[in-house]
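Visitor: My structure is in start_17.txt, and what it holds is compact mmCIF, N, CA and C atoms and all ligand atoms:
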# COMPACT_ATOMS: atom_id res chain seq x y z
N MET A 1 -38.95 -16.30 -3.36
CA MET A 1 -38.96 -16.41 -4.80
C MET A 1 -37.97 -17.48 -5.23
N ASN A 2 -38.43 -18.41 -6.02
CA ASN A 2 -37.57 -19.48 -6.51
C ASN A 2 -36.78 -19.01 -7.72
N ALA A 3 -35.58 -19.60 -7.85
CA ALA A 3 -34.75 -19.25 -9.00
C ALA A 3 -35.31 -19.91 -10.25
N CYS A 4 -35.30 -19.17 -11.32
CA CYS A 4 -35.81 -19.67 -12.59
C CYS A 4 -34.68 -20.38 -13.33
N PRO A 5 -34.94 -21.48 -13.98
CA PRO A 5 -33.87 -22.18 -14.72
C PRO A 5 -33.36 -21.38 -15.93
N ARG A 6 -34.10 -20.36 -16.36
CA ARG A 6 -33.66 -19.59 -17.54
C ARG A 6 -32.89 -18.32 -17.13
N GLU A 7 -32.69 -18.13 -15.85
CA GLU A 7 -31.96 -16.93 -15.40
C GLU A 7 -30.58 -16.81 -16.02
N PRO A 8 -29.80 -17.90 -16.12
CA PRO A 8 -28.47 -17.74 -16.74
C PRO A 8 -28.56 -17.23 -18.18
N GLU A 9 -29.59 -17.65 -18.91
CA GLU A 9 -29.74 -17.15 -20.29
C GLU A 9 -30.03 -15.65 -20.28
N VAL A 10 -30.89 -15.23 -19.35
CA VAL A 10 -31.23 -13.80 -19.26
C VAL A 10 -30.00 -13.00 -18.90
N VAL A 11 -29.25 -13.48 -17.91
CA VAL A 11 -28.03 -12.77 -17.49
C VAL A 11 -27.05 -12.70 -18.64
N ASP A 12 -26.89 -13.79 -19.37
CA ASP A 12 -25.95 -13.81 -20.49
C ASP A 12 -26.36 -12.80 -21.57
N ALA A 13 -27.65 -12.76 -21.89
CA ALA A 13 -28.13 -11.83 -22.92
C ALA A 13 -27.93 -10.38 -22.50
N ILE A 14 -28.20 -10.06 -21.24
CA ILE A 14 -28.04 -8.67 -20.78
C ILE A 14 -26.56 -8.32 -20.66
N THR A 15 -25.76 -9.27 -20.22
CA THR A 15 -24.34 -9.02 -20.08
C THR A 15 -23.69 -8.74 -21.43
N ARG A 16 -24.16 -9.44 -22.46
CA ARG A 16 -23.63 -9.18 -23.82
C ARG A 16 -24.07 -7.82 -24.33
N GLY A 17 -25.11 -7.26 -23.72
CA GLY A 17 -25.57 -5.93 -24.11
C GLY A 17 -26.59 -5.94 -25.23
N ASP A 18 -27.13 -7.08 -25.56
CA ASP A 18 -28.08 -7.12 -26.67
C ASP A 18 -29.43 -7.68 -26.21
N TRP A 19 -29.94 -7.13 -25.12
CA TRP A 19 -31.23 -7.61 -24.61
C TRP A 19 -32.36 -7.29 -25.58
N ILE A 20 -32.24 -6.14 -26.24
CA ILE A 20 -33.29 -5.75 -27.18
C ILE A 20 -33.34 -6.72 -28.35
N GLN A 21 -32.16 -7.17 -28.78
CA GLN A 21 -32.11 -8.13 -29.89
C GLN A 21 -32.11 -9.57 -29.40
N ALA A 22 -32.39 -9.79 -28.13
CA ALA A 22 -32.36 -11.15 -27.59
C ALA A 22 -33.51 -11.98 -28.18
N ASP A 23 -33.40 -13.24 -27.95
CA ASP A 23 -34.40 -14.19 -28.44
C ASP A 23 -35.80 -13.75 -27.99
N GLU A 24 -36.77 -13.77 -28.92
CA GLU A 24 -38.13 -13.32 -28.61
C GLU A 24 -38.75 -14.19 -27.52
N ALA A 25 -38.45 -15.48 -27.56
CA ALA A 25 -39.01 -16.38 -26.55
C ALA A 25 -38.45 -16.06 -25.17
N LEU A 26 -37.18 -15.68 -25.12
CA LEU A 26 -36.56 -15.33 -23.85
C LEU A 26 -37.16 -14.04 -23.30
N ARG A 27 -37.38 -13.06 -24.16
CA ARG A 27 -37.98 -11.80 -23.70
C ARG A 27 -39.43 -12.02 -23.26
N THR A 28 -40.14 -12.88 -23.96
CA THR A 28 -41.51 -13.19 -23.57
C THR A 28 -41.52 -13.88 -22.21
N HIS A 29 -40.56 -14.79 -22.03
CA HIS A 29 -40.46 -15.49 -20.74
C HIS A 29 -40.16 -14.48 -19.64
N ALA A 30 -39.22 -13.55 -19.88
CA ALA A 30 -38.86 -12.56 -18.85
C ALA A 30 -40.05 -11.68 -18.50
N ALA A 31 -40.90 -11.40 -19.49
CA ALA A 31 -42.07 -10.56 -19.22
C ALA A 31 -43.09 -11.29 -18.35
N SER A 32 -43.12 -12.62 -18.45
CA SER A 32 -44.12 -13.37 -17.69
C SER A 32 -43.58 -13.96 -16.39
N CYS A 33 -42.24 -14.07 -16.26
CA CYS A 33 -41.63 -14.68 -15.07
C CYS A 33 -41.21 -13.56 -14.11
N ALA A 34 -41.63 -13.67 -12.85
CA ALA A 34 -41.33 -12.62 -11.87
C ALA A 34 -39.83 -12.52 -11.61
N ALA A 35 -39.17 -13.67 -11.45
CA ALA A 35 -37.73 -13.66 -11.14
C ALA A 35 -36.93 -13.07 -12.29
N CYS A 36 -37.24 -13.50 -13.51
CA CYS A 36 -36.49 -13.00 -14.66
C CYS A 36 -36.83 -11.54 -14.94
N GLY A 37 -38.09 -11.14 -14.75
CA GLY A 37 -38.45 -9.75 -14.96
C GLY A 37 -37.71 -8.83 -14.00
N GLU A 38 -37.64 -9.26 -12.74
CA GLU A 38 -36.90 -8.47 -11.74
C GLU A 38 -35.42 -8.41 -12.09
N LEU A 39 -34.91 -9.54 -12.56
CA LEU A 39 -33.49 -9.60 -12.94
C LEU A 39 -33.20 -8.66 -14.11
N VAL A 40 -34.09 -8.63 -15.09
CA VAL A 40 -33.89 -7.75 -16.24
C VAL A 40 -33.91 -6.30 -15.80
N THR A 41 -34.88 -5.95 -14.96
CA THR A 41 -34.98 -4.56 -14.48
C THR A 41 -33.72 -4.16 -13.72
N LEU A 42 -33.27 -5.03 -12.84
CA LEU A 42 -32.10 -4.72 -12.03
C LEU A 42 -30.84 -4.62 -12.89
N MET A 43 -30.64 -5.59 -13.77
CA MET A 43 -29.41 -5.58 -14.56
C MET A 43 -29.37 -4.43 -15.55
N GLN A 44 -30.52 -4.07 -16.12
CA GLN A 44 -30.53 -2.93 -17.03
C GLN A 44 -30.22 -1.63 -16.28
N ALA A 45 -30.76 -1.51 -15.07
CA ALA A 45 -30.46 -0.31 -14.27
C ALA A 45 -28.97 -0.25 -13.94
N LEU A 46 -28.40 -1.39 -13.60
CA LEU A 46 -26.97 -1.41 -13.30
C LEU A 46 -26.13 -1.09 -14.53
N ARG A 47 -26.54 -1.61 -15.68
CA ARG A 47 -25.78 -1.33 -16.92
C ARG A 47 -25.88 0.15 -17.28
N GLU A 48 -27.06 0.74 -17.12
CA GLU A 48 -27.21 2.17 -17.41
C GLU A 48 -26.39 3.01 -16.45
N ASP A 49 -26.40 2.62 -15.18
CA ASP A 49 -25.60 3.35 -14.19
C ASP A 49 -24.12 3.22 -14.51
N HIS A 50 -23.69 2.04 -14.90
CA HIS A 50 -22.29 1.83 -15.26
C HIS A 50 -21.91 2.71 -16.45
N ALA A 51 -22.77 2.75 -17.44
CA ALA A 51 -22.48 3.58 -18.62
C ALA A 51 -22.43 5.06 -18.25
N ALA A 52 -23.33 5.50 -17.39
CA ALA A 52 -23.34 6.91 -16.98
C ALA A 52 -22.09 7.26 -16.19
N VAL A 53 -21.68 6.36 -15.31
CA VAL A 53 -20.48 6.62 -14.51
C VAL A 53 -19.25 6.65 -15.41
N CYS A 54 -19.21 5.75 -16.40
CA CYS A 54 -18.07 5.75 -17.31
C CYS A 54 -18.01 7.03 -18.14
N ARG A 55 -19.17 7.53 -18.55
CA ARG A 55 -19.18 8.78 -19.32
C ARG A 55 -18.75 9.96 -18.46
N ALA A 56 -19.13 9.95 -17.18
CA ALA A 56 -18.84 11.08 -16.29
C ALA A 56 -17.45 11.00 -15.66
N ALA A 57 -16.77 9.89 -15.83
CA ALA A 57 -15.46 9.73 -15.19
C ALA A 57 -14.47 10.73 -15.77
N ASP A 58 -13.69 11.34 -14.87
CA ASP A 58 -12.69 12.31 -15.29
C ASP A 58 -11.34 11.59 -15.36
N VAL A 59 -11.07 11.02 -16.50
CA VAL A 59 -9.84 10.26 -16.68
C VAL A 59 -8.74 11.22 -17.12
N PRO A 60 -7.62 11.21 -16.42
CA PRO A 60 -6.54 12.12 -16.80
C PRO A 60 -5.92 11.70 -18.14
N ALA A 61 -5.20 12.61 -18.72
CA ALA A 61 -4.56 12.34 -20.00
C ALA A 61 -3.51 11.25 -19.84
N ALA A 62 -3.25 10.54 -20.92
CA ALA A 62 -2.28 9.44 -20.86
C ALA A 62 -0.90 9.92 -20.48
N GLY A 63 -0.54 11.09 -20.96
CA GLY A 63 0.77 11.65 -20.62
C GLY A 63 0.89 11.94 -19.13
N THR A 64 -0.18 12.41 -18.54
CA THR A 64 -0.17 12.69 -17.10
C THR A 64 -0.04 11.40 -16.30
N VAL A 65 -0.78 10.37 -16.72
CA VAL A 65 -0.70 9.08 -16.03
C VAL A 65 0.72 8.51 -16.15
N TRP A 66 1.30 8.60 -17.35
CA TRP A 66 2.66 8.09 -17.56
C TRP A 66 3.65 8.87 -16.71
N TRP A 67 3.51 10.18 -16.66
CA TRP A 67 4.41 11.03 -15.87
C TRP A 67 4.33 10.68 -14.39
N ARG A 68 3.10 10.52 -13.87
CA ARG A 68 2.95 10.16 -12.46
C ARG A 68 3.54 8.79 -12.17
N ALA A 69 3.32 7.84 -13.08
CA ALA A 69 3.87 6.49 -12.87
C ALA A 69 5.39 6.52 -12.88
N THR A 70 5.97 7.34 -13.75
CA THR A 70 7.42 7.45 -13.81
C THR A 70 7.98 8.03 -12.51
N ILE A 71 7.34 9.08 -12.04
CA ILE A 71 7.80 9.70 -10.79
C ILE A 71 7.67 8.72 -9.62
N ARG A 72 6.56 8.00 -9.59
CA ARG A 72 6.36 7.03 -8.52
C ARG A 72 7.39 5.91 -8.59
N ALA A 73 7.66 5.43 -9.80
CA ALA A 73 8.65 4.35 -9.95
C ALA A 73 10.02 4.82 -9.52
N ARG A 74 10.37 6.05 -9.87
CA ARG A 74 11.68 6.58 -9.45
C ARG A 74 11.77 6.71 -7.94
N ALA A 75 10.70 7.20 -7.33
CA ALA A 75 10.70 7.35 -5.87
C ALA A 75 10.82 6.00 -5.18
N GLU A 76 10.10 5.00 -5.68
CA GLU A 76 10.18 3.67 -5.09
C GLU A 76 11.56 3.06 -5.28
N ALA A 77 12.16 3.27 -6.45
CA ALA A 77 13.50 2.74 -6.69
C ALA A 77 14.52 3.42 -5.79
N ALA A 78 14.38 4.72 -5.61
CA ALA A 78 15.31 5.45 -4.74
C ALA A 78 15.17 4.98 -3.30
N GLU A 79 13.93 4.77 -2.86
CA GLU A 79 13.72 4.30 -1.50
C GLU A 79 14.29 2.90 -1.31
N LYS A 80 14.08 2.05 -2.30
CA LYS A 80 14.60 0.67 -2.22
C LYS A 80 16.13 0.68 -2.21
N ALA A 81 16.73 1.57 -2.99
CA ALA A 81 18.19 1.63 -3.05
C ALA A 81 18.79 2.22 -1.78
N SER A 82 18.05 3.09 -1.11
CA SER A 82 18.62 3.75 0.07
C SER A 82 18.53 2.91 1.33
N ARG A 83 17.72 1.86 1.34
CA ARG A 83 17.60 1.03 2.54
C ARG A 83 18.93 0.41 2.97
N PRO A 84 19.66 -0.27 2.05
CA PRO A 84 20.94 -0.84 2.49
C PRO A 84 21.93 0.22 2.94
N ILE A 85 21.86 1.40 2.33
CA ILE A 85 22.77 2.48 2.73
C ILE A 85 22.44 2.91 4.16
N THR A 86 21.17 3.01 4.47
CA THR A 86 20.76 3.39 5.83
C THR A 86 21.23 2.35 6.84
N VAL A 87 21.08 1.07 6.49
CA VAL A 87 21.52 0.01 7.39
C VAL A 87 23.03 0.09 7.58
N ALA A 88 23.77 0.31 6.49
CA ALA A 88 25.22 0.40 6.58
C ALA A 88 25.64 1.60 7.44
N GLN A 89 24.92 2.70 7.29
CA GLN A 89 25.24 3.87 8.12
C GLN A 89 24.97 3.58 9.60
N GLY A 90 23.90 2.86 9.87
CA GLY A 90 23.61 2.50 11.26
C GLY A 90 24.68 1.59 11.84
N VAL A 91 25.12 0.61 11.05
CA VAL A 91 26.17 -0.29 11.51
C VAL A 91 27.47 0.48 11.71
N ALA A 92 27.78 1.39 10.80
CA ALA A 92 29.00 2.19 10.93
C ALA A 92 28.94 3.07 12.17
N ALA A 93 27.78 3.66 12.44
CA ALA A 93 27.64 4.50 13.64
C ALA A 93 27.81 3.66 14.90
N ALA A 94 27.28 2.44 14.89
CA ALA A 94 27.43 1.57 16.05
C ALA A 94 28.89 1.18 16.24
N CYS A 95 29.59 0.90 15.14
CA CYS A 95 31.00 0.55 15.22
C CYS A 95 31.82 1.72 15.76
N ILE A 96 31.53 2.90 15.26
CA ILE A 96 32.26 4.09 15.73
C ILE A 96 32.01 4.30 17.22
N ALA A 97 30.79 4.14 17.64
CA ALA A 97 30.48 4.31 19.07
C ALA A 97 31.21 3.26 19.90
N GLY A 98 31.26 2.01 19.40
CA GLY A 98 31.95 0.95 20.13
C GLY A 98 33.44 1.20 20.22
N VAL A 99 34.05 1.62 19.12
CA VAL A 99 35.49 1.91 19.12
C VAL A 99 35.79 3.09 20.03
N ALA A 100 34.93 4.10 19.97
CA ALA A 100 35.14 5.27 20.83
C ALA A 100 35.05 4.88 22.30
N ALA A 101 34.09 4.02 22.62
CA ALA A 101 33.95 3.57 24.00
C ALA A 101 35.16 2.75 24.43
N ALA A 102 35.69 1.92 23.51
CA ALA A 102 36.87 1.11 23.83
C ALA A 102 38.08 2.00 24.08
N PHE A 103 38.27 3.00 23.21
CA PHE A 103 39.39 3.92 23.41
C PHE A 103 39.23 4.71 24.70
N ALA A 104 38.04 5.12 25.00
CA ALA A 104 37.81 5.88 26.23
C ALA A 104 38.10 5.01 27.44
N GLY A 105 37.71 3.74 27.38
CA GLY A 105 37.99 2.83 28.49
C GLY A 105 39.47 2.59 28.66
N ALA A 106 40.17 2.40 27.53
CA ALA A 106 41.61 2.17 27.60
C ALA A 106 42.32 3.41 28.12
N ALA A 107 41.91 4.58 27.66
CA ALA A 107 42.53 5.82 28.13
C ALA A 107 42.28 6.02 29.62
N TRP A 108 41.12 5.66 30.03
CA TRP A 108 40.77 5.80 31.46
C TRP A 108 41.69 4.94 32.32
N ARG A 109 41.96 3.72 31.85
CA ARG A 109 42.82 2.82 32.64
C ARG A 109 44.29 3.21 32.55
N LEU A 110 44.71 3.80 31.43
CA LEU A 110 46.12 4.17 31.27
C LEU A 110 46.49 5.40 32.08
N LEU A 111 45.55 6.27 32.31
CA LEU A 111 45.86 7.49 33.06
C LEU A 111 45.64 7.22 34.55
N PRO A 112 46.72 7.21 35.33
CA PRO A 112 46.57 6.88 36.76
C PRO A 112 45.94 7.98 37.58
N SER A 113 45.88 9.18 37.03
CA SER A 113 45.33 10.27 37.84
C SER A 113 43.83 10.15 38.05
N PHE A 114 43.15 9.45 37.13
CA PHE A 114 41.71 9.26 37.29
C PHE A 114 41.44 8.10 38.24
N ALA A 115 40.49 8.29 39.07
CA ALA A 115 40.09 7.21 39.97
C ALA A 115 39.33 6.15 39.17
N GLN A 116 39.54 4.90 39.49
CA GLN A 116 38.85 3.83 38.80
C GLN A 116 37.40 3.78 39.30
N PRO A 117 36.45 3.93 38.38
CA PRO A 117 35.05 3.99 38.84
C PRO A 117 34.51 2.62 39.18
N ASP A 118 33.44 2.65 39.90
CA ASP A 118 32.74 1.42 40.26
C ASP A 118 32.06 0.86 38.99
N PRO A 119 32.11 -0.45 38.75
CA PRO A 119 31.47 -1.00 37.54
C PRO A 119 29.97 -0.70 37.46
N LEU A 120 29.30 -0.63 38.59
CA LEU A 120 27.86 -0.29 38.56
C LEU A 120 27.63 1.14 38.10
N VAL A 121 28.56 2.03 38.50
CA VAL A 121 28.45 3.42 38.04
C VAL A 121 28.64 3.48 36.53
N MET A 122 29.62 2.71 36.03
CA MET A 122 29.86 2.69 34.58
C MET A 122 28.66 2.10 33.84
N LEU A 123 28.06 1.04 34.41
CA LEU A 123 26.88 0.44 33.78
C LEU A 123 25.73 1.44 33.76
N ALA A 124 25.52 2.13 34.86
CA ALA A 124 24.46 3.13 34.91
C ALA A 124 24.73 4.26 33.92
N LEU A 125 25.99 4.65 33.82
CA LEU A 125 26.35 5.70 32.86
C LEU A 125 26.08 5.24 31.42
N GLY A 126 26.43 4.00 31.12
CA GLY A 126 26.17 3.46 29.77
C GLY A 126 24.69 3.39 29.48
N LEU A 127 23.90 2.94 30.43
CA LEU A 127 22.44 2.88 30.22
C LEU A 127 21.87 4.29 30.04
N GLY A 128 22.41 5.23 30.81
CA GLY A 128 21.93 6.61 30.66
C GLY A 128 22.22 7.16 29.28
N VAL A 129 23.41 6.88 28.77
CA VAL A 129 23.75 7.33 27.42
C VAL A 129 22.81 6.69 26.40
N CYS A 130 22.53 5.39 26.56
CA CYS A 130 21.62 4.71 25.64
C CYS A 130 20.22 5.32 25.70
N ILE A 131 19.77 5.64 26.89
CA ILE A 131 18.43 6.23 27.05
C ILE A 131 18.36 7.59 26.37
N VAL A 132 19.45 8.32 26.40
CA VAL A 132 19.46 9.64 25.76
C VAL A 132 19.63 9.51 24.25
N VAL A 133 20.48 8.59 23.82
CA VAL A 133 20.81 8.51 22.40
C VAL A 133 19.71 7.79 21.60
N ALA A 134 19.07 6.80 22.17
CA ALA A 134 18.08 6.01 21.41
C ALA A 134 16.94 6.86 20.86
N PRO A 135 16.31 7.73 21.64
CA PRO A 135 15.26 8.57 21.04
C PRO A 135 15.78 9.49 19.94
N LEU A 136 17.01 9.97 20.09
CA LEU A 136 17.57 10.81 19.03
C LEU A 136 17.72 10.03 17.74
N VAL A 137 18.18 8.79 17.84
CA VAL A 137 18.34 7.95 16.65
C VAL A 137 16.99 7.69 16.01
N ILE A 138 15.99 7.43 16.83
CA ILE A 138 14.64 7.17 16.29
C ILE A 138 14.10 8.41 15.59
N VAL A 139 14.27 9.56 16.21
CA VAL A 139 13.77 10.81 15.60
C VAL A 139 14.50 11.07 14.29
N LEU A 140 15.82 10.86 14.27
CA LEU A 140 16.57 11.09 13.04
C LEU A 140 16.14 10.12 11.95
N ALA A 141 15.94 8.86 12.32
CA ALA A 141 15.51 7.87 11.33
C ALA A 141 14.13 8.20 10.79
N ALA A 142 13.22 8.62 11.66
CA ALA A 142 11.86 8.97 11.21
C ALA A 142 11.90 10.20 10.33
N ALA A 143 12.73 11.18 10.66
CA ALA A 143 12.81 12.38 9.84
C ALA A 143 13.40 12.07 8.47
N ARG A 144 14.27 11.10 8.42
CA ARG A 144 14.90 10.73 7.15
C ARG A 144 13.92 10.00 6.24
N ASN A 145 13.04 9.20 6.81
CA ASN A 145 12.09 8.43 6.01
C ASN A 145 10.92 9.27 5.55
N SER A 146 10.67 10.38 6.19
CA SER A 146 9.49 11.18 5.79
C SER A 146 9.86 12.15 4.69
ZN ZN B 1 -37.68 -16.97 -15.55
Would you kindly transcribe this structure into structure tokens?

Guide:
Amino acid sequence: MNACPREPEVVDAITRGDWIQADEALRTHAASCAACGELVTLMQALREDHAAVCRAADVPAAGTVWWRATIRARAEAAEKASRPITVAQGVAAACIAGVAAAFAGAAWRLLPSFAQPDPLVMLALGLGVCIVVAPLVIVLAAARNS
């Protein structure tokens, strides 16, 4: 089917919603032209469906929409504000762990009664602590975000 040169006029008239009051020559053309007739049938069906869906839509009250938007905005603002705090807490926890490890190392060296461990044993011990602590940190962070 070839496109009709008057299709834009038909579309414009139906889109404006005044097909019944449209130009008599245009309606006569649509009745005789297969492409325009099909276009009119299709567009009118779509317009009627659109109107029916709009009538059946269950739109909440304006106060309810405003209340939900306010709650959502507050939640988003609180989440945005808490991100730097979470990062700062993570950095503080890392600093505390580092200082504690430094003090433990210094205390270990100052006390002669303890045997000096092998550096590989200390490295393995540190990796073991990281393997145990990392999942806990992830679980705590995930629980905090949910
Ligand atoms: Zn036509």

Visitor: From the DSSP assignment of the backbone, select every residue of chain A that is alpha helix (DSSP H), and format the answer as a VMD selection string.

Guide: chain A and resid 7 to 16 24 to 32 34 to 56 62 to 110 119 to 145

Visitor: Show me which residues are within 6 Å of ligand ZN 1 (chain B) counting all atoms listed in the file, and format the list as a VMD selection string.

Guide: chain A and resid 4 to 7 29 to 30 33 to 37

Visitor: Hey, can you check how far atom N of Gly17 in chain A sits from CA of Ala61 in chain A?

Guide: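 If I compute the distance from atom N of Gly17 in chain A to CA of Ala61 in chain A, I get 28.6 Å.
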
Visitor: Could you please determine the separation between CA of Ala102 in chain A and CA of Met122 in chain A in Å, to one decimal place?

Guide: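 Computed distance, CA of Ala102 in chain A to CA of Met122 in chain A, equals 12.9 Å.
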
Visitor: Would you mind reading off the distance between CA of Ala134 in chain A and CA of Glu79 in chain A, one decimal, in Å?

Guide: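 Interatomic distance, CA of Ala134 in chain A to CA of Glu79 in chain A: 23.4 Å.
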
Visitor: Here is a test: counting all atoms listed in the file, which residue of A:Leu110, A:Glu38, A:Glu48, A:Val10 is nearest to Leu26 in chain A?

Guide: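 Between A:Leu110, A:Glu38, A:Glu48, A:Val10, the residue approaching Leu26 in chain A most closely is A:Val10.
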
Visitor: From the list A:Pro135, A:Gly126, A:Pro8, A:Gly105, which residue is nearest Val40 in chain A when using only C-alpha atoms?

Guide: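 So, comparing all the options, the nearest one is A:Pro8.
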
Visitor: Edge lengths and centre, in Å to one decimal, as lines of an AutoDock Vina configuration file: that's what I need for the box along x, y and z that holds all listed atoms of range 30-40 of chain A plus 6 Å on each side.

Guide:
center_x = -38.7
center_y = -10.5
center_z = -15.5
size_x = 22.9
size_y = 20.4
size_z = 20.7

Visitor: Complete range 97-117 of chain A with N, CA, C and O atoms (output as a PDB file, keeping the file's coordinate frame).

Guide:
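Once written, result18.pdb looks like this:
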ATOM      1  N   ALA A  97      30.790   4.140  17.640  1.00  0.00           N
ATOM      2  CA  ALA A  97      30.480   4.310  19.070  1.00  0.00           C
ATOM      3  C   ALA A  97      31.210   3.260  19.900  1.00  0.00           C
ATOM      4  O   ALA A  97      31.749   3.556  20.973  1.00  0.00           O
ATOM      5  N   GLY A  98      31.260   2.010  19.400  1.00  0.00           N
ATOM      6  CA  GLY A  98      31.950   0.950  20.130  1.00  0.00           C
ATOM      7  C   GLY A  98      33.440   1.200  20.220  1.00  0.00           C
ATOM      8  O   GLY A  98      34.053   1.038  21.293  1.00  0.00           O
ATOM      9  N   VAL A  99      34.050   1.620  19.120  1.00  0.00           N
ATOM     10  CA  VAL A  99      35.490   1.910  19.120  1.00  0.00           C
ATOM     11  C   VAL A  99      35.790   3.090  20.030  1.00  0.00           C
ATOM     12  O   VAL A  99      36.772   3.083  20.793  1.00  0.00           O
ATOM     13  N   ALA A 100      34.930   4.100  19.970  1.00  0.00           N
ATOM     14  CA  ALA A 100      35.140   5.270  20.830  1.00  0.00           C
ATOM     15  C   ALA A 100      35.050   4.880  22.300  1.00  0.00           C
ATOM     16  O   ALA A 100      35.847   5.333  23.141  1.00  0.00           O
ATOM     17  N   ALA A 101      34.090   4.020  22.620  1.00  0.00           N
ATOM     18  CA  ALA A 101      33.950   3.570  24.000  1.00  0.00           C
ATOM     19  C   ALA A 101      35.160   2.750  24.430  1.00  0.00           C
ATOM     20  O   ALA A 101      35.644   2.874  25.565  1.00  0.00           O
ATOM     21  N   ALA A 102      35.690   1.920  23.510  1.00  0.00           N
ATOM     22  CA  ALA A 102      36.870   1.110  23.830  1.00  0.00           C
ATOM     23  C   ALA A 102      38.080   2.000  24.080  1.00  0.00           C
ATOM     24  O   ALA A 102      38.841   1.790  25.044  1.00  0.00           O
ATOM     25  N   PHE A 103      38.270   3.000  23.210  1.00  0.00           N
ATOM     26  CA  PHE A 103      39.390   3.920  23.410  1.00  0.00           C
ATOM     27  C   PHE A 103      39.230   4.710  24.700  1.00  0.00           C
ATOM     28  O   PHE A 103      40.218   4.926  25.430  1.00  0.00           O
ATOM     29  N   ALA A 104      38.040   5.120  25.000  1.00  0.00           N
ATOM     30  CA  ALA A 104      37.810   5.880  26.230  1.00  0.00           C
ATOM     31  C   ALA A 104      38.100   5.010  27.440  1.00  0.00           C
ATOM     32  O   ALA A 104      38.726   5.460  28.415  1.00  0.00           O
ATOM     33  N   GLY A 105      37.710   3.740  27.380  1.00  0.00           N
ATOM     34  CA  GLY A 105      37.990   2.830  28.490  1.00  0.00           C
ATOM     35  C   GLY A 105      39.470   2.590  28.660  1.00  0.00           C
ATOM     36  O   GLY A 105      39.999   2.584  29.787  1.00  0.00           O
ATOM     37  N   ALA A 106      40.170   2.400  27.530  1.00  0.00           N
ATOM     38  CA  ALA A 106      41.610   2.170  27.600  1.00  0.00           C
ATOM     39  C   ALA A 106      42.320   3.410  28.120  1.00  0.00           C
ATOM     40  O   ALA A 106      43.243   3.303  28.960  1.00  0.00           O
ATOM     41  N   ALA A 107      41.910   4.580  27.660  1.00  0.00           N
ATOM     42  CA  ALA A 107      42.530   5.820  28.130  1.00  0.00           C
ATOM     43  C   ALA A 107      42.280   6.020  29.620  1.00  0.00           C
ATOM     44  O   ALA A 107      43.166   6.477  30.347  1.00  0.00           O
ATOM     45  N   TRP A 108      41.120   5.660  30.030  1.00  0.00           N
ATOM     46  CA  TRP A 108      40.770   5.800  31.460  1.00  0.00           C
ATOM     47  C   TRP A 108      41.690   4.940  32.320  1.00  0.00           C
ATOM     48  O   TRP A 108      42.168   5.353  33.368  1.00  0.00           O
ATOM     49  N   ARG A 109      41.960   3.720  31.850  1.00  0.00           N
ATOM     50  CA  ARG A 109      42.820   2.820  32.640  1.00  0.00           C
ATOM     51  C   ARG A 109      44.290   3.210  32.550  1.00  0.00           C
ATOM     52  O   ARG A 109      45.060   2.961  33.473  1.00  0.00           O
ATOM     53  N   LEU A 110      44.710   3.800  31.430  1.00  0.00           N
ATOM     54  CA  LEU A 110      46.120   4.170  31.270  1.00  0.00           C
ATOM     55  C   LEU A 110      46.490   5.400  32.080  1.00  0.00           C
ATOM     56  O   LEU A 110      47.650   5.562  32.476  1.00  0.00           O
ATOM     57  N   LEU A 111      45.550   6.270  32.310  1.00  0.00           N
ATOM     58  CA  LEU A 111      45.860   7.490  33.060  1.00  0.00           C
ATOM     59  C   LEU A 111      45.640   7.220  34.550  1.00  0.00           C
ATOM     60  O   LEU A 111      44.513   7.010  34.986  1.00  0.00           O
ATOM     61  N   PRO A 112      46.720   7.210  35.330  1.00  0.00           N
ATOM     62  CA  PRO A 112      46.570   6.880  36.760  1.00  0.00           C
ATOM     63  C   PRO A 112      45.940   7.980  37.580  1.00  0.00           C
ATOM     64  O   PRO A 112      45.507   7.729  38.701  1.00  0.00           O
ATOM     65  N   SER A 113      45.880   9.180  37.030  1.00  0.00           N
ATOM     66  CA  SER A 113      45.330  10.270  37.840  1.00  0.00           C
ATOM     67  C   SER A 113      43.830  10.150  38.050  1.00  0.00           C
ATOM     68  O   SER A 113      43.284  10.688  39.004  1.00  0.00           O
ATOM     69  N   PHE A 114      43.150   9.450  37.130  1.00  0.00           N
ATOM     70  CA  PHE A 114      41.710   9.260  37.290  1.00  0.00           C
ATOM     71  C   PHE A 114      41.440   8.100  38.240  1.00  0.00           C
ATOM     72  O   PHE A 114      42.094   7.073  38.193  1.00  0.00           O
ATOM     73  N   ALA A 115      40.490   8.290  39.070  1.00  0.00           N
ATOM     74  CA  ALA A 115      40.090   7.210  39.970  1.00  0.00           C
ATOM     75  C   ALA A 115      39.330   6.150  39.170  1.00  0.00           C
ATOM     76  O   ALA A 115      38.608   6.475  38.227  1.00  0.00           O
ATOM     77  N   GLN A 116      39.540   4.900  39.490  1.00  0.00           N
ATOM     78  CA  GLN A 116      38.850   3.830  38.800  1.00  0.00           C
ATOM     79  C   GLN A 116      37.400   3.780  39.300  1.00  0.00           C
ATOM     80  O   GLN A 116      37.155   3.647  40.497  1.00  0.00           O
ATOM     81  N   PRO A 117      36.450   3.930  38.380  1.00  0.00           N
ATOM     82  CA  PRO A 117      35.050   3.990  38.840  1.00  0.00           C
ATOM     83  C   PRO A 117      34.510   2.620  39.180  1.00  0.00           C
ATOM     84  O   PRO A 117      35.030   1.581  38.765  1.00  0.00           O
TER      85      PRO A 117
END
